[in-house]
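Dumped entry.txt below, it's compact mmCIF, C-alpha atoms:
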```
# COMPACT_ATOMS: atom_id res chain seq x y z
CA MET A 15 95.64 69.37 36.61
CA THR A 16 95.69 72.56 38.68
CA SER A 17 93.94 73.25 41.96
CA ALA A 18 92.07 76.49 42.72
CA ARG A 19 92.78 76.03 46.40
CA PRO A 20 95.87 78.00 47.55
CA SER A 21 98.73 76.05 49.02
CA ARG A 22 99.17 75.81 52.76
CA ARG A 23 102.25 77.98 52.58
CA ALA A 24 100.33 80.66 50.64
CA ARG A 25 97.49 80.55 53.18
CA ASN A 26 99.93 80.87 56.03
CA GLY A 27 101.62 83.72 54.29
CA ALA A 28 98.28 85.49 53.81
CA SER A 29 97.31 85.15 57.46
CA ARG A 30 100.79 86.05 58.58
CA SER A 31 100.61 89.37 56.79
CA ALA A 32 97.66 90.77 58.79
CA PRO A 33 99.07 93.06 61.51
CA ALA A 34 97.85 93.47 65.06
CA VAL A 35 98.49 96.22 67.59
CA LEU A 36 98.67 96.13 71.37
CA HIS A 37 98.82 99.21 73.60
CA LEU A 38 100.49 98.99 77.00
CA ASP A 39 100.84 101.66 79.68
CA THR A 40 104.40 103.00 80.04
CA ALA A 41 103.76 103.74 83.72
CA VAL A 42 103.22 100.03 84.35
CA TYR A 43 105.26 98.08 81.78
CA SER A 44 108.99 98.80 81.75
CA GLU A 45 111.09 98.88 78.60
CA SER A 46 113.30 96.01 79.75
CA ALA A 47 110.24 93.83 80.47
CA LEU A 48 108.92 94.55 76.98
CA ASP A 49 112.30 93.82 75.39
CA ARG A 50 112.51 90.46 77.13
CA THR A 51 108.97 89.63 76.08
CA ARG A 52 109.67 90.64 72.50
CA GLN A 53 112.70 88.33 72.42
CA ALA A 54 110.66 85.47 73.86
CA PHE A 55 107.92 85.88 71.22
CA ALA A 56 110.21 86.66 68.28
CA HIS A 57 109.69 83.20 66.75
CA LEU A 58 105.92 83.73 66.56
CA ALA A 59 105.77 87.10 64.81
CA GLU A 60 107.70 90.15 63.77
CA ILE A 61 107.31 92.51 66.71
CA GLU A 62 108.03 96.20 66.80
CA THR A 63 107.70 98.29 69.96
CA ARG A 64 107.51 102.04 69.98
CA ARG A 65 106.82 104.57 72.70
CA GLU A 66 103.99 106.93 71.83
CA GLY A 67 103.32 109.34 74.67
CA ARG A 68 102.20 107.37 77.70
CA ARG A 69 101.74 104.15 75.78
CA TRP A 70 103.87 101.47 74.29
CA THR A 71 102.59 100.57 70.86
CA VAL A 72 103.47 96.97 70.09
CA ARG A 73 102.92 96.10 66.46
CA PHE A 74 102.79 92.46 65.40
CA SER A 75 103.16 91.37 61.80
CA ALA A 76 103.76 88.06 60.06
CA ILE A 77 101.97 86.34 62.93
CA ASP A 78 102.08 82.57 63.13
CA PRO A 79 98.45 81.58 62.39
CA ALA A 80 98.53 78.86 65.05
CA VAL A 81 98.80 81.50 67.81
CA ARG A 82 97.08 84.43 66.19
CA ASP A 83 93.99 84.37 68.45
CA ARG A 84 95.87 84.58 71.71
CA LEU A 85 99.21 86.14 70.82
CA LEU A 86 98.44 89.63 72.13
CA ASP A 87 96.96 88.35 75.38
CA GLU A 88 99.86 85.98 75.97
CA PHE A 89 102.28 88.79 75.17
CA SER A 90 100.75 91.09 77.81
CA ASN A 91 100.71 88.25 80.36
CA TYR A 92 104.37 87.48 79.70
CA ALA A 93 105.28 91.17 79.96
CA LEU A 94 103.57 91.35 83.35
CA SER A 95 105.42 88.27 84.57
CA CYS A 96 108.73 89.77 83.38
CA LEU A 97 107.84 92.91 85.28
CA MET A 98 107.33 91.00 88.50
CA VAL A 99 110.28 88.64 88.22
CA GLU A 100 112.85 91.28 87.24
CA PRO A 101 111.50 94.83 86.93
CA MET B 146 85.67 99.53 93.12
CA ASP B 147 82.73 97.70 91.56
CA PRO B 148 83.85 95.25 88.87
CA LYS B 149 82.66 95.93 85.35
CA VAL B 150 81.79 92.76 83.47
CA ASP B 151 82.13 92.89 79.70
CA ARG B 152 80.40 89.77 78.42
CA LYS B 153 81.34 90.38 74.81
CA ALA B 154 85.03 90.74 75.60
CA ASN B 155 84.83 87.85 78.10
CA SER B 156 86.49 90.09 80.66
CA VAL B 157 85.98 91.96 83.89
CA ASP B 158 87.58 95.28 84.89
CA VAL B 159 88.54 96.05 88.46
CA LEU B 160 89.48 99.61 89.38
CA LEU B 161 91.84 100.09 92.32
CA ASP B 162 92.65 103.15 94.38
CA GLU B 163 96.44 103.30 94.65
CA GLY B 164 96.03 105.23 97.89
CA VAL B 165 94.58 102.06 99.43
CA PHE B 166 96.31 99.39 97.37
CA PRO B 167 99.80 100.56 96.32
CA ARG B 168 100.88 99.61 92.80
CA PRO B 169 103.21 96.75 93.89
CA VAL B 170 100.24 95.22 95.69
CA GLY B 171 98.01 95.48 92.61
CA LEU B 172 100.72 94.02 90.38
CA ALA B 173 101.44 91.18 92.79
CA ALA B 174 97.74 90.28 92.90
CA ALA B 175 97.52 90.46 89.10
CA TYR B 176 100.59 88.23 88.83
CA ARG B 177 98.80 85.53 90.84
CA PHE B 178 96.06 85.40 88.19
CA LEU B 179 98.32 84.95 85.17
CA ASP B 180 97.76 81.20 85.04
CA ARG B 181 93.96 81.54 85.09
CA CYS B 182 93.31 84.52 82.84
CA TYR B 183 94.83 87.17 80.63
CA VAL B 184 95.71 90.25 82.65
CA LEU B 185 96.16 93.80 81.41
CA VAL B 186 97.07 96.59 83.82
CA GLU B 187 96.65 100.29 83.09
CA THR B 188 96.92 103.50 85.07
CA HIS B 189 94.07 105.98 85.24
CA PRO B 190 93.93 109.59 86.44
CA ARG B 191 93.61 110.31 90.17
CA GLN B 192 95.89 107.46 91.23
CA ARG B 193 93.73 104.67 89.96
CA LEU B 194 94.87 101.37 88.55
CA SER B 195 92.69 99.35 86.22
CA VAL B 196 93.14 95.59 86.03
CA ARG B 197 91.41 93.75 83.22
CA LEU B 198 90.96 90.03 83.74
CA LYS B 199 90.04 88.18 80.55
CA GLY B 200 89.05 84.55 80.65
CA LYS B 201 91.25 82.10 78.77
CA GLU B 202 88.06 80.14 78.03
CA PRO B 203 84.59 81.66 77.53
CA LEU B 204 83.13 82.49 80.95
CA ALA B 205 79.59 83.28 82.11
CA PRO B 206 78.99 86.74 83.61
CA ALA B 207 78.63 85.18 87.06
CA ALA B 208 81.99 83.47 86.66
CA LEU B 209 83.59 86.76 85.61
CA ALA B 210 82.10 88.50 88.64
CA ALA B 211 83.40 85.69 90.85
CA LEU B 212 86.84 86.14 89.28
CA ALA B 213 86.75 89.81 90.24
CA GLY B 214 85.77 88.84 93.79
CA GLU B 215 88.68 86.44 94.04
CA PHE B 216 90.96 89.16 92.74
CA ARG B 217 89.79 91.50 95.51
CA ASN B 218 90.52 88.82 98.08
CA GLU B 219 93.97 88.38 96.61
CA LEU B 220 94.47 92.15 96.80
CA LEU B 221 93.85 92.04 100.55
CA HIS B 222 96.20 89.10 100.89
CA GLN B 223 98.96 90.92 99.03
CA LEU B 224 98.32 94.12 101.00
CA VAL B 225 98.86 92.28 104.29
CA ARG B 226 102.03 90.69 102.90
CA HIS B 227 103.24 94.11 101.80
CA GLN B 228 102.56 95.68 105.21
CA VAL B 229 104.23 92.85 107.12
CA ALA B 230 107.23 93.02 104.77
CA GLU B 231 107.56 96.77 105.38
CA ARG B 232 107.22 96.37 109.15
CA THR B 233 109.82 93.62 109.44
CA ASP B 234 112.27 95.00 106.89
CA SER B 235 115.02 95.98 109.36
CA LEU B 236 114.62 92.75 111.33
CA ARG B 237 114.99 90.63 108.18
CA ALA B 238 118.06 92.63 107.15
CA ALA B 239 119.62 92.00 110.57
CA ILE B 240 118.89 88.26 110.45
CA VAL B 241 120.23 87.85 106.93
CA GLY B 242 123.28 89.96 107.75
CA ARG B 243 124.06 87.85 110.78
CA ALA B 244 123.52 84.61 108.87
CA LEU B 245 125.86 85.73 106.10
CA LEU B 246 128.46 86.83 108.64
CA SER B 247 128.42 83.48 110.40
CA ALA B 248 128.59 81.62 107.08
CA ASP B 249 131.95 83.26 106.30
CA PRO B 250 134.55 81.65 108.65
CA GLU B 251 137.11 84.49 108.77
CA PRO B 252 134.88 87.38 109.89
CA ALA B 253 133.14 85.02 112.34
CA ALA B 254 136.44 84.09 113.98
CA GLU B 255 137.38 87.77 114.20
CA ALA B 256 134.01 88.63 115.70
CA ALA B 257 134.33 85.84 118.26
CA ALA B 258 137.76 86.95 119.49
CA PRO B 259 138.41 90.55 118.45
CA ALA B 260 140.82 91.17 121.37
CA ALA B 261 142.86 88.06 120.61
CA ALA B 262 143.28 89.17 117.03
CA SER B 263 144.67 92.58 118.02
CA ASP B 264 146.65 91.46 121.13
CA PRO B 265 150.16 90.11 120.35
CA LEU B 266 150.62 88.53 123.85
CA ASP B 267 150.76 84.80 124.44
CA PHE B 268 148.76 83.26 127.30
CA GLN B 269 152.02 82.42 129.09
CA ASP B 270 153.20 86.04 129.08
CA ASP B 271 152.91 87.82 132.45
CA PRO B 272 153.67 91.54 132.04
CA LEU B 273 152.27 92.46 135.51
CA GLY B 274 154.20 89.72 137.28
CA ILE B 275 151.09 88.11 138.72
CA ALA B 276 152.50 84.60 138.40
CA VAL B 277 155.78 85.48 140.19
CA PRO B 278 155.97 83.82 143.69
CA TRP B 279 155.92 86.19 146.69
CA GLU B 280 159.28 85.03 147.94
CA GLU B 281 160.93 85.80 144.66
CA LYS B 282 159.34 89.22 144.53
CA TYR B 283 159.74 90.44 148.15
CA GLY B 284 161.67 87.76 149.97
CA ASP B 285 165.16 89.34 149.54
CA LYS B 286 163.95 92.84 150.52
CA ARG B 287 162.51 91.60 153.84
CA LYS B 288 165.75 89.79 154.68
CA ALA B 289 167.65 92.93 153.86
CA LYS B 290 165.40 94.98 156.23
CA GLN B 291 165.85 92.45 159.07
CA LYS B 292 169.61 92.59 158.61
CA SER B 293 169.59 96.39 158.81
CA LYS B 294 167.55 96.32 162.09
CA LYS B 295 169.99 93.88 163.68
CA ARG B 296 172.85 96.17 162.83
CA ARG B 297 171.20 99.05 164.77
```

Rewrite the coordinates I just gave you, this time as structure tokens.
Amino acid sequence: MTSARPSRRARNGASRSAPAVLHLDTAVYSESALDRTRQAFAHLAEIETRREGRRWTVRFSAIDPAVRDRLLDEFSNYALSCLMVEP
Amino acid sequence: MDPKVDRKANSVDVLLDEGVFPRPVGLAAAYRFLDRCYVLVETHPRQRLSVRLKGKEPLAPAALAALAGEFRNELLHQLVRHQVAERTDSLRAAIVGRALLSADPEPAAEAAAPAAASDPLDFQDDPLGIAVPWEEKYGDKRKAKQKSKKRR
């Protein structure tokens, strides 16, 4: 007997594959703050940061579906806190 | 500096003039809101700073406007803190410097008695002969003078 419903792992894999992009101002967010944030969130997604002109482009892929809705917002909050604690 | 409520995005944008509120002030105020909402800060032309406050839970437009009002209050609070910190910078440096100096026993002892540290003399030494009795110092000379007068 086979089920038409995909396994949980397959579903997770499907949702993990959808990328998301966050743009942050380079005049506000420092590279070290972004690096620390990226390390802190590394277990939730694959994160790639790149400087494009006056913006940091932060690309998220393989996002953990449990945090998908708020990952970008939490990332920017954490980056701001890193900026304040240790610029 | 009117806040712009975006109901669909569940957020409110506040635009700051960096000439009035320097960037550290804006960032410090934004930092205070991290536990209540999602904050995104961006620079704009003509020295303007945009702060987007996005509710962690769905908020009514009135609540978003109130959030912006609280943020403005916090801006003033942080501005005063910033100005007081600038004004008392040298005083705080002096107090901390003095506290650190007194916490270290060796420099404190040197500061308390700098002359004693450089002076090799003991307290019993008397290079000017102040402690010498008068008789010892001049007594023999006077006797000698009296003897010479008698001889004449």

Using CA of Ala175 (chain B) and CA of Arg237 (chain B) as the two end points, give the distance in Å to one decimal. 25.9 Å

Any chance you could tabulate, as a Markdown table, the residues of chain B at most 10 Å from chain A with each one's nearest atom pair and distance in Å to one decimal, using only C-alpha atoms, in chain and rising number order?
```
| residue | atom | partner | partner_atom | distance |
| --- | --- | --- | --- | --- |
| B:Arg168 | CA | A:Val42 | CA | 8.8 |
| B:Pro169 | CA | A:Met98 | CA | 8.9 |
| B:Leu172 | CA | A:Met98 | CA | 7.5 |
| B:Ala173 | CA | A:Met98 | CA | 7.3 |
| B:Ala175 | CA | A:Leu94 | CA | 8.4 |
| B:Tyr176 | CA | A:Ser95 | CA | 6.4 |
| B:Arg177 | CA | A:Ser95 | CA | 9.5 |
| B:Phe178 | CA | A:Asn91 | CA | 9.5 |
| B:Leu179 | CA | A:Asn91 | CA | 6.3 |
| B:Asp180 | CA | A:Asn91 | CA | 9.0 |
| B:Cys182 | CA | A:Asn91 | CA | 8.7 |
| B:Tyr183 | CA | A:Asp87 | CA | 5.8 |
| B:Val184 | CA | A:Asn91 | CA | 5.9 |
| B:Leu185 | CA | A:Ser90 | CA | 6.4 |
| B:Val186 | CA | A:Val42 | CA | 7.1 |
| B:Glu187 | CA | A:Asp39 | CA | 5.6 |
| B:Thr188 | CA | A:Asp39 | CA | 6.9 |
| B:His189 | CA | A:Asp39 | CA | 9.8 |
| B:Leu194 | CA | A:Val42 | CA | 9.4 |
| B:Lys199 | CA | A:Asp87 | CA | 8.6 |
| B:Lys201 | CA | A:Arg84 | CA | 8.8 |
```

Distance query Arg64 (chain A) at most 10 Å, all atoms listed in the file, self and fewer than 4 positions along chain excluded, as an MDAnalysis selection string: chainID A and resid 37 45 69:73

Calculate how many Å separate CA of Leu209 (chain B) from CA of Leu221 (chain B), rounding to one decimal.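 We find that CA of Leu209 (chain B) and CA of Leu221 (chain B) lie 18.9 Å from each other.
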
One decimal, in Å: what's the spacing between CA of Ala230 (chain B) and CA of Pro167 (chain B)?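 Atom-to-atom, CA of Ala230 (chain B) to CA of Pro167 (chain B), that is 13.5 Å.
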
Which one of B:Pro190, B:Ala174, B:Ala248, B:Glu163 sits closest to Glu219 (chain B) if you count only C-alpha atoms? B:Ala174
